[in-house]
file input_37.pdb (PDB, C-alpha atoms)
ATOM      1  CA  MET S  31      -6.744  11.268  31.591
ATOM      2  CA  VAL S  32      -4.175   9.508  29.401
ATOM      3  CA  GLY S  33      -5.677   8.025  26.247
ATOM      4  CA  ILE S  34      -4.887   4.575  24.884
ATOM      5  CA  VAL S  35      -5.042   3.263  21.303
ATOM      6  CA  LEU S  36      -4.851  -0.465  20.552
ATOM      7  CA  ILE S  37      -3.415  -1.072  17.076
ATOM      8  CA  SER S  38      -3.781  -4.536  15.591
ATOM      9  CA  HIS S  39      -3.680  -6.207  12.184
ATOM     10  CA  SER S  40      -7.113  -7.487  13.013
ATOM     11  CA  SER S  41     -10.118  -5.277  13.622
ATOM     12  CA  GLY S  42     -11.760  -7.981  15.744
ATOM     13  CA  LEU S  43      -8.668  -8.557  17.887
ATOM     14  CA  ALA S  44      -8.267  -4.838  18.676
ATOM     15  CA  ALA S  45     -11.979  -4.438  19.472
ATOM     16  CA  GLU S  46     -12.152  -7.490  21.751
ATOM     17  CA  VAL S  47      -8.988  -6.607  23.676
ATOM     18  CA  ALA S  48     -10.385  -3.088  24.114
ATOM     19  CA  ASP S  49     -13.626  -4.571  25.503
ATOM     20  CA  LEU S  50     -11.722  -6.800  27.908
ATOM     21  CA  ALA S  51      -9.462  -3.980  29.101
ATOM     22  CA  ARG S  52     -12.445  -1.658  29.543
ATOM     23  CA  GLN S  53     -14.280  -4.235  31.618
ATOM     24  CA  ILE S  54     -11.299  -4.753  33.914
ATOM     25  CA  GLY S  55      -9.913  -1.223  33.943
ATOM     26  CA  GLY S  56     -12.974   0.957  33.874
ATOM     27  CA  ALA S  57     -15.251   2.355  31.210
ATOM     28  CA  GLN S  58     -14.201   5.959  31.864
ATOM     29  CA  VAL S  59     -10.753   5.563  30.268
ATOM     30  CA  PRO S  60     -10.443   7.097  26.792
ATOM     31  CA  LEU S  61      -9.643   3.949  24.842
ATOM     32  CA  ALA S  62      -9.935   3.271  21.132
ATOM     33  CA  ALA S  63      -9.381   0.190  18.984
ATOM     34  CA  ALA S  64      -7.766   0.731  15.572
ATOM     35  CA  GLY S  65      -7.491  -2.629  13.871
ATOM     36  CA  GLY S  66      -7.552  -3.804  10.280
ATOM     37  CA  THR S  67      -7.572  -1.938   7.007
ATOM     38  CA  GLU S  68     -10.282   0.442   5.846
ATOM     39  CA  ASP S  69     -11.933  -2.274   3.788
ATOM     40  CA  GLY S  70     -12.043  -4.646   6.756
ATOM     41  CA  GLY S  71      -9.022  -6.775   5.802
ATOM     42  CA  LEU S  72      -5.990  -7.713   7.880
ATOM     43  CA  GLY S  73      -3.485  -4.858   8.101
ATOM     44  CA  THR S  74      -3.284  -1.361   9.534
ATOM     45  CA  SER S  75      -4.741   1.910   8.396
ATOM     46  CA  PRO S  76      -2.800   5.042   9.393
ATOM     47  CA  ASP S  77      -6.002   7.055   8.847
ATOM     48  CA  ARG S  78      -7.868   4.872  11.364
ATOM     49  CA  VAL S  79      -5.047   5.148  13.885
ATOM     50  CA  THR S  80      -4.852   8.927  13.431
ATOM     51  CA  ALA S  81      -8.603   9.223  14.020
ATOM     52  CA  ALA S  82      -8.311   6.996  17.116
ATOM     53  CA  ILE S  83      -5.499   9.155  18.539
ATOM     54  CA  GLU S  84      -7.622  12.286  18.059
ATOM     55  CA  GLU S  85     -10.608  10.561  19.679
ATOM     56  CA  VAL S  86      -8.788   9.621  22.910
ATOM     57  CA  ASP S  87      -6.485  12.636  23.252
ATOM     58  CA  GLN S  88      -7.706  14.683  26.227
ATOM     59  CA  GLY S  89      -4.443  16.632  26.461
ATOM     60  CA  ASP S  90      -2.643  14.329  28.913
ATOM     61  CA  GLY S  91      -0.967  12.205  26.268
ATOM     62  CA  VAL S  92      -1.729   9.019  24.383
ATOM     63  CA  VAL S  93      -0.171   5.543  24.629
ATOM     64  CA  LEU S  94      -0.139   3.442  21.455
ATOM     65  CA  ILE S  95      -0.093  -0.328  21.932
ATOM     66  CA  PRO S  96       0.672  -2.172  18.648
ATOM     67  CA  ASP S  97       0.569  -5.939  18.154
ATOM     68  CA  LEU S  98       3.109  -6.801  15.428
ATOM     69  CA  GLY S  99       4.460  -6.040  11.972
ATOM     70  CA  SER S 100       2.827  -3.103  10.231
ATOM     71  CA  SER S 101       1.059  -2.075  13.464
ATOM     72  CA  VAL S 102       4.448  -1.279  14.965
ATOM     73  CA  LEU S 103       5.600   0.618  11.880
ATOM     74  CA  THR S 104       2.369   2.610  11.729
ATOM     75  CA  ALA S 105       2.688   3.462  15.418
ATOM     76  CA  ARG S 106       6.280   4.594  14.854
ATOM     77  CA  LEU S 107       5.173   6.876  12.034
ATOM     78  CA  LEU S 108       2.493   8.519  14.157
ATOM     79  CA  GLN S 109       4.296   8.964  17.484
ATOM     80  CA  THR S 110       5.091  12.468  18.726
ATOM     81  CA  PRO S 111       7.795  12.578  21.420
ATOM     82  CA  GLY S 112       6.434  13.304  24.891
ATOM     83  CA  HIS S 113       2.782  13.204  23.838
ATOM     84  CA  VAL S 114       1.934  10.192  21.658
ATOM     85  CA  VAL S 115       4.208   7.345  22.731
ATOM     86  CA  ILE S 116       4.523   3.632  21.970
ATOM     87  CA  ALA S 117       4.370   0.952  24.639
ATOM     88  CA  ASP S 118       6.546  -2.005  23.586
ATOM     89  CA  VAL S 119       4.528  -4.573  25.547
ATOM     90  CA  PRO S 120       2.543  -7.820  25.209
ATOM     91  CA  PHE S 121      -0.709  -6.795  23.509
ATOM     92  CA  VAL S 122      -3.343  -8.148  25.901
ATOM     93  CA  GLU S 123      -1.551  -7.851  29.238
ATOM     94  CA  GLY S 124      -0.062  -4.472  28.338
ATOM     95  CA  ALA S 125      -3.445  -3.098  27.297
ATOM     96  CA  VAL S 126      -5.086  -4.207  30.549
ATOM     97  CA  SER S 127      -2.274  -2.756  32.712
ATOM     98  CA  ALA S 128      -2.285   0.515  30.793
ATOM     99  CA  VAL S 129      -6.062   0.946  31.040
ATOM    100  CA  VAL S 130      -6.028   0.201  34.783
ATOM    101  CA  ALA S 131      -3.251   2.770  35.327
ATOM    102  CA  ALA S 132      -4.917   5.407  33.147
ATOM    103  CA  GLY S 133      -8.203   4.875  34.987
ATOM    104  CA  GLY S 134      -6.377   5.478  38.277
ATOM    105  CA  GLY S 135      -5.219   8.854  37.028
ATOM    106  CA  ALA S 136      -1.590   7.960  36.231
ATOM    107  CA  SER S 137       0.532  10.335  34.105
ATOM    108  CA  LEU S 138       1.735   9.416  30.620
ATOM    109  CA  ASP S 139       4.996   8.044  32.065
ATOM    110  CA  GLY S 140       3.018   6.206  34.733
ATOM    111  CA  VAL S 141       0.758   4.498  32.205
ATOM    112  CA  LEU S 142       3.770   3.540  30.099
ATOM    113  CA  ALA S 143       5.552   2.086  33.142
ATOM    114  CA  ALA S 144       2.416   0.152  34.150
ATOM    115  CA  ALA S 145       2.110  -1.303  30.658
ATOM    116  CA  GLU S 146       5.745  -2.390  30.758
ATOM    117  CA  GLU S 147       5.096  -4.148  34.083
ATOM    118  CA  ALA S 148       3.203  -6.666  31.939
ATOM    119  CA  TRP S 149       6.568  -8.123  30.856
ATOM    120  CA  ARG S 150       7.225  -9.259  34.432
ATOM    121  CA  VAL S 151       3.847 -10.710  35.387
ATOM    122  CA  ARG S 152       4.119 -14.482  35.063
ATOM    123  CA  LYS S 153       1.096 -16.660  34.461
ATOM    124  CA  LEU S 154       2.512 -19.653  36.312
TER     125      LEU S 154
ATOM    126  CA  MET K 250      15.604  13.634 -14.718
ATOM    127  CA  ASN K 251      12.571  15.934 -14.415
ATOM    128  CA  THR K 252       9.062  15.673 -12.959
ATOM    129  CA  GLN K 253       7.869  13.874 -16.087
ATOM    130  CA  PHE K 254      10.596  11.259 -15.648
ATOM    131  CA  PHE K 255       9.534  10.522 -12.079
ATOM    132  CA  ALA K 256       5.863  10.353 -13.128
ATOM    133  CA  ALA K 257       6.939   7.811 -15.760
ATOM    134  CA  TRP K 258       8.769   5.866 -13.031
ATOM    135  CA  ILE K 259       5.594   5.614 -10.930
ATOM    136  CA  GLU K 260       3.661   4.532 -14.033
ATOM    137  CA  GLU K 261       6.267   1.824 -14.762
ATOM    138  CA  ILE K 262       6.097   0.662 -11.120
ATOM    139  CA  ALA K 263       2.300   0.458 -11.192
ATOM    140  CA  THR K 264       2.441  -1.577 -14.413
ATOM    141  CA  ALA K 265       5.180  -3.889 -13.119
ATOM    142  CA  VAL K 266       3.436  -4.428  -9.777
ATOM    143  CA  ARG K 267       0.172  -5.243 -11.529
ATOM    144  CA  ALA K 268       1.935  -7.730 -13.809
ATOM    145  CA  ARG K 269       3.812  -9.351 -10.898
ATOM    146  CA  ARG K 270       0.992  -9.044  -8.380
ATOM    147  CA  ASP K 271       0.321 -12.778  -8.074
ATOM    148  CA  HIS K 272       4.032 -13.617  -7.967
ATOM    149  CA  LEU K 273       4.604 -11.155  -5.085
ATOM    150  CA  THR K 274       1.579 -12.545  -3.278
ATOM    151  CA  GLN K 275       2.893 -16.105  -3.695
ATOM    152  CA  LEU K 276       6.259 -15.100  -2.226
ATOM    153  CA  ASP K 277       4.394 -13.506   0.670
ATOM    154  CA  ALA K 278       2.155 -16.566   1.092
ATOM    155  CA  ALA K 279       5.266 -18.655   1.783
ATOM    156  CA  ILE K 280       6.608 -16.559   4.672
ATOM    157  CA  GLY K 281       4.070 -13.791   5.357
ATOM    158  CA  ASP K 282       0.383 -13.075   5.034
ATOM    159  CA  ALA K 283      -0.160 -13.342   1.264
ATOM    160  CA  ASP K 284      -1.123  -9.736   0.679
ATOM    161  CA  HIS K 285       2.037  -8.038  -0.621
ATOM    162  CA  GLY K 286       1.052  -8.047  -4.307
ATOM    163  CA  ALA K 287      -2.482  -6.845  -3.638
ATOM    164  CA  ASN K 288      -1.292  -4.211  -1.151
ATOM    165  CA  LEU K 289       1.281  -2.712  -3.524
ATOM    166  CA  ASP K 290      -1.130  -2.819  -6.456
ATOM    167  CA  ARG K 291      -3.661  -0.866  -4.410
ATOM    168  CA  GLY K 292      -0.989   1.552  -3.184
ATOM    169  CA  PHE K 293       0.577   2.389  -6.538
ATOM    170  CA  THR K 294      -2.822   2.600  -8.255
ATOM    171  CA  ALA K 295      -3.831   5.120  -5.577
ATOM    172  CA  ALA K 296      -0.515   6.946  -6.076
ATOM    173  CA  GLN K 297      -1.204   7.294  -9.803
ATOM    174  CA  GLU K 298      -4.678   8.640  -9.075
ATOM    175  CA  ALA K 299      -3.234  11.123  -6.571
ATOM    176  CA  LEU K 300      -0.679  12.319  -9.153
ATOM    177  CA  ALA K 301      -3.372  12.724 -11.811
ATOM    178  CA  GLY K 302      -5.435  14.781  -9.367
ATOM    179  CA  ALA K 303      -2.683  17.024  -7.994
ATOM    180  CA  SER K 304      -0.186  17.386 -10.887
ATOM    181  CA  PRO K 305       2.866  18.135  -8.684
ATOM    182  CA  GLN K 306       5.351  20.554 -10.269
ATOM    183  CA  THR K 307       8.710  19.194  -9.019
ATOM    184  CA  PRO K 308      10.239  15.709  -8.641
ATOM    185  CA  GLY K 309      10.412  16.322  -4.883
ATOM    186  CA  ALA K 310       6.711  17.219  -4.553
ATOM    187  CA  LEU K 311       5.764  14.252  -6.732
ATOM    188  CA  LEU K 312       7.688  11.729  -4.627
ATOM    189  CA  VAL K 313       6.410  13.165  -1.329
ATOM    190  CA  LEU K 314       2.840  12.812  -2.622
ATOM    191  CA  VAL K 315       3.508   9.230  -3.740
ATOM    192  CA  GLY K 316       5.006   8.420  -0.318
ATOM    193  CA  SER K 317       2.117   9.922   1.629
ATOM    194  CA  THR K 318      -0.375   8.028  -0.523
ATOM    195  CA  LEU K 319       1.441   4.712  -0.010
ATOM    196  CA  ILE K 320       1.481   5.216   3.760
ATOM    197  CA  ARG K 321      -2.291   5.739   3.772
ATOM    198  CA  LYS K 322      -3.354   3.144   1.230
ATOM    199  CA  VAL K 323      -1.085   0.078   1.326
ATOM    200  CA  GLY K 324      -2.290  -1.452   4.620
ATOM    201  CA  GLY K 325       0.699  -3.744   5.238
ATOM    202  CA  ALA K 326       4.178  -3.040   6.609
ATOM    203  CA  SER K 327       5.369  -2.066   3.137
ATOM    204  CA  GLY K 328       3.109   1.037   3.257
ATOM    205  CA  PRO K 329       4.963   2.884   6.019
ATOM    206  CA  LEU K 330       8.311   1.586   4.694
ATOM    207  CA  TYR K 331       7.935   2.432   0.990
ATOM    208  CA  GLY K 332       5.992   5.552   1.935
ATOM    209  CA  THR K 333       8.887   6.732   4.070
ATOM    210  CA  ALA K 334      11.381   5.847   1.315
ATOM    211  CA  PHE K 335       9.579   7.952  -1.309
ATOM    212  CA  ARG K 336       8.976  10.823   1.107
ATOM    213  CA  GLU K 337      12.598  10.949   2.228
ATOM    214  CA  MET K 338      13.783  10.875  -1.384
ATOM    215  CA  GLY K 339      11.348  13.646  -2.274
ATOM    216  CA  LYS K 340      12.460  15.769   0.679
ATOM    217  CA  ALA K 341      16.114  15.281  -0.297
ATOM    218  CA  PHE K 342      15.322  16.652  -3.775
ATOM    219  CA  GLY K 343      13.889  19.879  -2.329
ATOM    220  CA  GLU K 344      12.594  22.322  -4.948
ATOM    221  CA  ALA K 345      14.917  21.204  -7.764
ATOM    222  CA  ALA K 346      13.253  20.884 -11.185
ATOM    223  CA  GLU K 347      15.940  18.588 -12.623
ATOM    224  CA  ILE K 348      17.663  15.758 -10.723
ATOM    225  CA  SER K 349      21.185  14.607 -11.641
ATOM    226  CA  PRO K 350      22.373  11.023 -11.057
ATOM    227  CA  ALA K 351      24.417  12.330  -8.111
ATOM    228  CA  GLU K 352      21.293  13.901  -6.600
ATOM    229  CA  LEU K 353      19.348  10.717  -7.237
ATOM    230  CA  SER K 354      22.067   8.859  -5.359
ATOM    231  CA  THR K 355      21.755  11.286  -2.428
ATOM    232  CA  GLY K 356      17.967  10.832  -2.499
ATOM    233  CA  LEU K 357      18.298   7.076  -2.527
ATOM    234  CA  ASN K 358      20.627   7.169   0.471
ATOM    235  CA  ALA K 359      18.051   9.320   2.296
ATOM    236  CA  ALA K 360      15.365   6.766   1.398
ATOM    237  CA  LEU K 361      17.499   3.910   2.721
ATOM    238  CA  ALA K 362      18.234   5.812   5.940
ATOM    239  CA  GLY K 363      14.503   6.479   6.419
ATOM    240  CA  VAL K 364      13.589   2.836   5.905
ATOM    241  CA  GLN K 365      16.266   1.692   8.342
ATOM    242  CA  ARG K 366      15.254   4.291  10.940
ATOM    243  CA  LEU K 367      11.638   3.110  10.819
ATOM    244  CA  GLY K 368      12.110  -0.630  10.430
ATOM    245  CA  ALA K 369      15.452  -0.985  12.239
ATOM    246  CA  ALA K 370      16.562  -3.628   9.718
ATOM    247  CA  ALA K 371      20.169  -4.178   8.681
ATOM    248  CA  GLU K 372      21.500  -5.921   5.590
ATOM    249  CA  GLY K 373      21.130  -9.689   5.964
ATOM    250  CA  ASP K 374      17.868  -9.508   7.959
ATOM    251  CA  LYS K 375      15.943 -10.723   4.874
ATOM    252  CA  THR K 376      14.005  -7.520   4.188
ATOM    253  CA  MET K 377      13.704  -4.896   1.454
ATOM    254  CA  VAL K 378      16.953  -3.424   2.807
ATOM    255  CA  ASP K 379      18.781  -6.372   1.214
ATOM    256  CA  ALA K 380      17.799  -5.038  -2.226
ATOM    257  CA  LEU K 381      17.689  -1.318  -1.406
ATOM    258  CA  ALA K 382      21.153  -1.019   0.176
ATOM    259  CA  PRO K 383      23.094  -2.709  -2.677
ATOM    260  CA  ALA K 384      21.126  -0.655  -5.235
ATOM    261  CA  ALA K 385      21.982   2.577  -3.402
ATOM    262  CA  GLU K 386      25.631   1.528  -3.221
ATOM    263  CA  ALA K 387      25.739   0.549  -6.922
ATOM    264  CA  LEU K 388      24.253   3.896  -7.932
ATOM    265  CA  ALA K 389      26.761   5.777  -5.758
ATOM    266  CA  GLN K 390      29.597   3.785  -7.332
ATOM    267  CA  ALA K 391      28.259   4.446 -10.844
ATOM    268  CA  VAL K 392      28.155   8.180 -10.090
ATOM    269  CA  ARG K 393      31.757   8.064  -8.812
ATOM    270  CA  ASP K 394      32.761   6.224 -12.007
ATOM    271  CA  GLY K 395      31.027   8.864 -14.112
ATOM    272  CA  LEU K 396      28.672   6.424 -15.874
ATOM    273  CA  LYS K 397      25.853   7.731 -18.061
ATOM    274  CA  PRO K 398      22.446   7.958 -16.299
ATOM    275  CA  GLU K 399      21.023   4.912 -18.123
ATOM    276  CA  GLU K 400      24.105   2.854 -17.227
ATOM    277  CA  ALA K 401      23.945   4.022 -13.612
ATOM    278  CA  LEU K 402      20.276   2.980 -13.328
ATOM    279  CA  GLU K 403      21.063  -0.310 -15.039
ATOM    280  CA  ALA K 404      23.736  -0.981 -12.394
ATOM    281  CA  ALA K 405      21.331  -0.094  -9.561
ATOM    282  CA  ALA K 406      18.622  -2.389 -10.983
ATOM    283  CA  ALA K 407      21.080  -5.274 -11.372
ATOM    284  CA  ALA K 408      22.297  -4.828  -7.781
ATOM    285  CA  ALA K 409      18.718  -4.767  -6.452
ATOM    286  CA  GLU K 410      17.843  -7.907  -8.413
ATOM    287  CA  GLN K 411      20.937  -9.695  -7.133
ATOM    288  CA  GLY K 412      20.279  -8.517  -3.556
ATOM    289  CA  ALA K 413      16.701  -9.817  -3.696
ATOM    290  CA  GLY K 414      17.844 -13.208  -4.982
ATOM    291  CA  ALA K 415      20.439 -13.388  -2.224
ATOM    292  CA  THR K 416      17.676 -13.293   0.438
ATOM    293  CA  ILE K 417      16.586 -16.853  -0.466
ATOM    294  CA  PRO K 418      18.997 -18.738   1.854
ATOM    295  CA  LEU K 419      18.656 -16.195   4.684
ATOM    296  CA  GLN K 420      16.645 -16.615   7.868
ATOM    297  CA  ALA K 421      14.381 -13.629   8.536
ATOM    298  CA  ARG K 422      15.282 -11.462  11.519
ATOM    299  CA  LYS K 423      12.761  -8.648  10.999
ATOM    300  CA  GLY K 424       9.098  -8.397  10.102
ATOM    301  CA  ARG K 425       6.380 -11.004  10.120
ATOM    302  CA  ALA K 426       8.608 -13.692   8.562
ATOM    303  CA  SER K 427      10.918 -13.546  11.605
ATOM    304  CA  TYR K 428       8.225 -15.327  13.628
ATOM    305  CA  LEU K 429       8.761 -18.346  11.374
ATOM    306  CA  GLY K 430      12.438 -18.749  12.357
ATOM    307  CA  PRO K 431      14.223 -21.401  10.242
ATOM    308  CA  ARG K 432      11.044 -21.969   8.191
ATOM    309  CA  SER K 433      11.721 -18.633   6.473
ATOM    310  CA  VAL K 434      14.874 -20.088   4.846
ATOM    311  CA  GLY K 435      14.596 -21.038   1.162
ATOM    312  CA  HIS K 436      12.159 -18.298   0.114
ATOM    313  CA  GLU K 437      12.866 -14.965  -1.554
ATOM    314  CA  ASP K 438      11.820 -12.057   0.650
ATOM    315  CA  PRO K 439       8.727 -10.399  -0.901
ATOM    316  CA  GLY K 440       9.849  -6.894   0.147
ATOM    317  CA  ALA K 441      13.272  -7.370  -1.451
ATOM    318  CA  ALA K 442      11.565  -8.759  -4.572
ATOM    319  CA  SER K 443       9.265  -5.741  -4.879
ATOM    320  CA  THR K 444      12.198  -3.381  -4.285
ATOM    321  CA  ALA K 445      13.940  -5.029  -7.246
ATOM    322  CA  LEU K 446      10.775  -4.365  -9.288
ATOM    323  CA  LEU K 447      10.945  -0.672  -8.325
ATOM    324  CA  PHE K 448      14.517  -0.419  -9.613
ATOM    325  CA  GLY K 449      13.645  -2.348 -12.774
ATOM    326  CA  ALA K 450      10.898   0.241 -13.333
ATOM    327  CA  LEU K 451      13.402   3.068 -12.811
ATOM    328  CA  LYS K 452      15.603   1.589 -15.528
ATOM    329  CA  ALA K 453      12.550   1.195 -17.776
ATOM    330  CA  ALA K 454      11.569   4.846 -17.215
ATOM    331  CA  ALA K 455      15.079   5.932 -18.270
ATOM    332  CA  SER K 456      14.984   3.948 -21.506
ATOM    333  CA  ARG K 457      11.601   5.333 -22.607
TER     334      ARG K 457
END
call {"tool": "encode", "arguments": {"input": "input_37.pdb", "output": "structure tokens"}}
result
Amino acid sequence: MVGIVLISHSSGLAAEVADLARQIGGAQVPLAAAGGTEDGGLGTSPDRVTAAIEEVDQGDGVVLIPDLGSSVLTARLLQTPGHVVIADVPFVEGAVSAVVAAGGGASLDGVLAAAEEAWRVRKL
Amino acid sequence: MNTQFFAAWIEEIATAVRARRDHLTQLDAAIGDADHGANLDRGFTAAQEALAGASPQTPGALLVLVGSTLIRKVGGASGPLYGTAFREMGKAFGEAAEISPAELSTGLNAALAGVQRLGAAAEGDKTMVDALAPAAEALAQAVRDGLKPEEALEAAAAAAEQGAGATIPLQARKGRASYLGPRSVGHEDPGAASTALLFGALKAAASR
């Protein structure tokens, strides 16, 4: 199954979005939240993100979903073409779509495409 | 410029960042998240500790270690960006024990290219690139003109300082400040300001 890592400036934001996505998309999806700095402040920790990637990597690839700023830069540093890829998507909607697709057994490209669908889903 | 020179540079940076920590944080409070001074202080303090522990033998190895430490320890966007800059410069130096101004210029261009590849910022976006690019260009020009190393570093530091000051009237197009739109106008970019500090420290290391 494709793994998913949510990278946010805020530890709480990443954890809560992960909870929401898990509830909607299924608890079986390898999903990790990597938010905040090591001392609990706002920011990103490459060590935390690296550990999260290792935790969710089952061999089928990993999708990184960053929120903004340093999360995006950290994700760009840690991507590996064809295996650990970044989804450039709205954080909440993209995470939910990606988790649903991963839970349904989609490939890495499939999960990425599902996450990008989030750009086109209107609320009104 | 040998390994000792680059160790002195990092020491000068750490001292300058500590002295200007609150100023950098104030700049960041205006258009960012008020952590730039604290983040860089933590990062360069950790870099000094890493250097003391590992005692790298070449300028290249030293800068790669500094870069890797910044990436892990800074926490904000400047960690990956400065970390990449130092790593790219270190990689450009290879195994050389002594770095000429021309090689420093090549290293600086590699650092700039790395920062732009990662952050996708161009000059005028109100980022550290607005200080880094003019400094790299000034150093290249100084090398072409055959200036002495101290004069070349002086020129680079002046260009960085001027570039940072020139970010004040700009509207941010990259990074957190870009979310503020026109509200980002009228403030010096914290990343450009800290880049100017780095070049001031380079000049200081040369005049030791």
call {"tool": "interface_residues", "arguments": {"input": "input_37.pdb", "of": "chain S", "to": "chain K", "cutoff": "10 Å", "atoms": "only C-alpha atoms", "output": "PyMOL selection string"}}
result
chain S and resi 39+66-69+71-78+98-107
call {"tool": "residues_around", "arguments": {"input": "input_37.pdb", "residues": "K:Ala445", "least_positions_apart": "5", "cutoff": "8 Å", "atoms": "all atoms listed in the file", "output": "JSON, numbers by chain"}}
result
{"K": [380, 381, 406, 409, 410, 413]}
call {"tool": "resolve_selection", "arguments": {"input": "input_37.pdb", "expression": "the PyMOL selection byres ((chain S and resi 45-55) around 9)", "output": "CSV table (one decimal) with C-alpha atoms, in the coordinates of the input"}}
result
chain,number,residue,atom,x,y,z
S,35,VAL,CA,-5.0,3.3,21.3
S,36,LEU,CA,-4.9,-0.5,20.6
S,40,SER,CA,-7.1,-7.5,13.0
S,41,SER,CA,-10.1,-5.3,13.6
S,42,GLY,CA,-11.8,-8.0,15.7
S,43,LEU,CA,-8.7,-8.6,17.9
S,44,ALA,CA,-8.3,-4.8,18.7
S,56,GLY,CA,-13.0,1.0,33.9
S,57,ALA,CA,-15.3,2.4,31.2
S,58,GLN,CA,-14.2,6.0,31.9
S,59,VAL,CA,-10.8,5.6,30.3
S,61,LEU,CA,-9.6,3.9,24.8
S,62,ALA,CA,-9.9,3.3,21.1
S,63,ALA,CA,-9.4,0.2,19.0
S,64,ALA,CA,-7.8,0.7,15.6
S,65,GLY,CA,-7.5,-2.6,13.9
S,121,PHE,CA,-0.7,-6.8,23.5
S,122,VAL,CA,-3.3,-8.1,25.9
S,123,GLU,CA,-1.6,-7.9,29.2
S,125,ALA,CA,-3.4,-3.1,27.3
S,126,VAL,CA,-5.1,-4.2,30.5
S,127,SER,CA,-2.3,-2.8,32.7
S,128,ALA,CA,-2.3,0.5,30.8
S,129,VAL,CA,-6.1,0.9,31.0
S,130,VAL,CA,-6.0,0.2,34.8
S,131,ALA,CA,-3.3,2.8,35.3
S,132,ALA,CA,-4.9,5.4,33.1
S,133,GLY,CA,-8.2,4.9,35.0
S,134,GLY,CA,-6.4,5.5,38.3
call {"tool": "closest_residue", "arguments": {"input": "input_37.pdb", "among": "K:Ala442, K:Ala341, K:Ala389, K:Ala421", "to": "K:Arg270", "atoms": "only C-alpha atoms"}}
result
K:Ala442
call {"tool": "atom_distance", "arguments": {"input": "input_37.pdb", "atom1": "atom CA of K:Pro305", "atom2": "atom CA of K:Thr252"}}
result
7.9 Å
call {"tool": "atom_distance", "arguments": {"input": "input_37.pdb", "atom1": "atom CA of K:Ser433", "atom2": "atom CA of K:Ile280"}}
result
5.8 Å
call {"tool": "resolve_selection", "arguments": {"input": "input_37.pdb", "expression": "the PyMOL selection byres ((chain K and resi 446-450) around 6)", "output": "ChimeraX atom specification"}}
result
/K:261-262,406,443-445,451-453
call {"tool": "atom_distance", "arguments": {"input": "input_37.pdb", "atom1": "atom CA of S:Gly91", "atom2": "atom CA of S:Leu142"}}
result
10.6 Å
call {"tool": "resolve_selection", "arguments": {"input": "input_37.pdb", "expression": "the PyMOL selection byres ((chain K and resi 267) around 12)", "output": "PyMOL selection string"}}
result
chain K and resi 260-266+268-274+285-294+443+446
call {"tool": "closest_residue", "arguments": {"input": "input_37.pdb", "among": "K:Ala385, K:Ser317, K:Leu311, K:Tyr331", "to": "K:Ala346", "atoms": "only C-alpha atoms"}}
result
K:Leu311
call {"tool": "build_atoms", "arguments": {"input": "input_37.pdb", "residues": "stretch 83-94 of chain S", "atoms": "N, CA and C atoms", "output": "mmCIF file, in the coordinates of the input"}}
result
data_model
loop_
_atom_site.group_PDB
_atom_site.id
_atom_site.type_symbol
_atom_site.label_atom_id
_atom_site.label_comp_id
_atom_site.auth_asym_id
_atom_site.auth_seq_id
_atom_site.Cartn_x
_atom_site.Cartn_y
_atom_site.Cartn_z
ATOM 1 N N ILE S 83 -6.326 8.305 17.668
ATOM 2 C CA ILE S 83 -5.499 9.155 18.539
ATOM 3 C C ILE S 83 -6.263 10.437 18.864
ATOM 4 N N GLU S 84 -6.866 11.047 17.836
ATOM 5 C CA GLU S 84 -7.622 12.286 18.059
ATOM 6 C C GLU S 84 -8.800 12.046 19.002
ATOM 7 N N GLU S 85 -9.427 10.888 18.865
ATOM 8 C CA GLU S 85 -10.608 10.561 19.679
ATOM 9 C C GLU S 85 -10.262 10.454 21.167
ATOM 10 N N VAL S 86 -9.097 9.879 21.489
ATOM 11 C CA VAL S 86 -8.788 9.621 22.910
ATOM 12 C C VAL S 86 -7.890 10.676 23.539
ATOM 13 N N ASP S 87 -7.423 11.649 22.737
ATOM 14 C CA ASP S 87 -6.485 12.636 23.252
ATOM 15 C C ASP S 87 -7.215 13.723 24.048
ATOM 16 N N GLN S 88 -7.065 13.663 25.385
ATOM 17 C CA GLN S 88 -7.706 14.683 26.227
ATOM 18 C C GLN S 88 -6.687 15.729 26.667
ATOM 19 N N GLY S 89 -5.469 15.653 26.113
ATOM 20 C CA GLY S 89 -4.443 16.632 26.461
ATOM 21 C C GLY S 89 -3.378 16.091 27.390
ATOM 22 N N ASP S 90 -3.613 14.892 27.964
ATOM 23 C CA ASP S 90 -2.643 14.329 28.913
ATOM 24 C C ASP S 90 -1.714 13.305 28.268
ATOM 25 N N GLY S 91 -1.823 13.153 26.967
ATOM 26 C CA GLY S 91 -0.967 12.205 26.268
ATOM 27 C C GLY S 91 -1.713 10.948 25.854
ATOM 28 N N VAL S 92 -1.111 10.232 24.917
ATOM 29 C CA VAL S 92 -1.729 9.019 24.383
ATOM 30 C C VAL S 92 -0.684 7.916 24.305
ATOM 31 N N VAL S 93 -1.045 6.716 24.745
ATOM 32 C CA VAL S 93 -0.171 5.543 24.629
ATOM 33 C C VAL S 93 -0.686 4.657 23.498
ATOM 34 N N LEU S 94 0.208 4.346 22.551
ATOM 35 C CA LEU S 94 -0.139 3.442 21.455
ATOM 36 C C LEU S 94 0.362 2.048 21.799
#
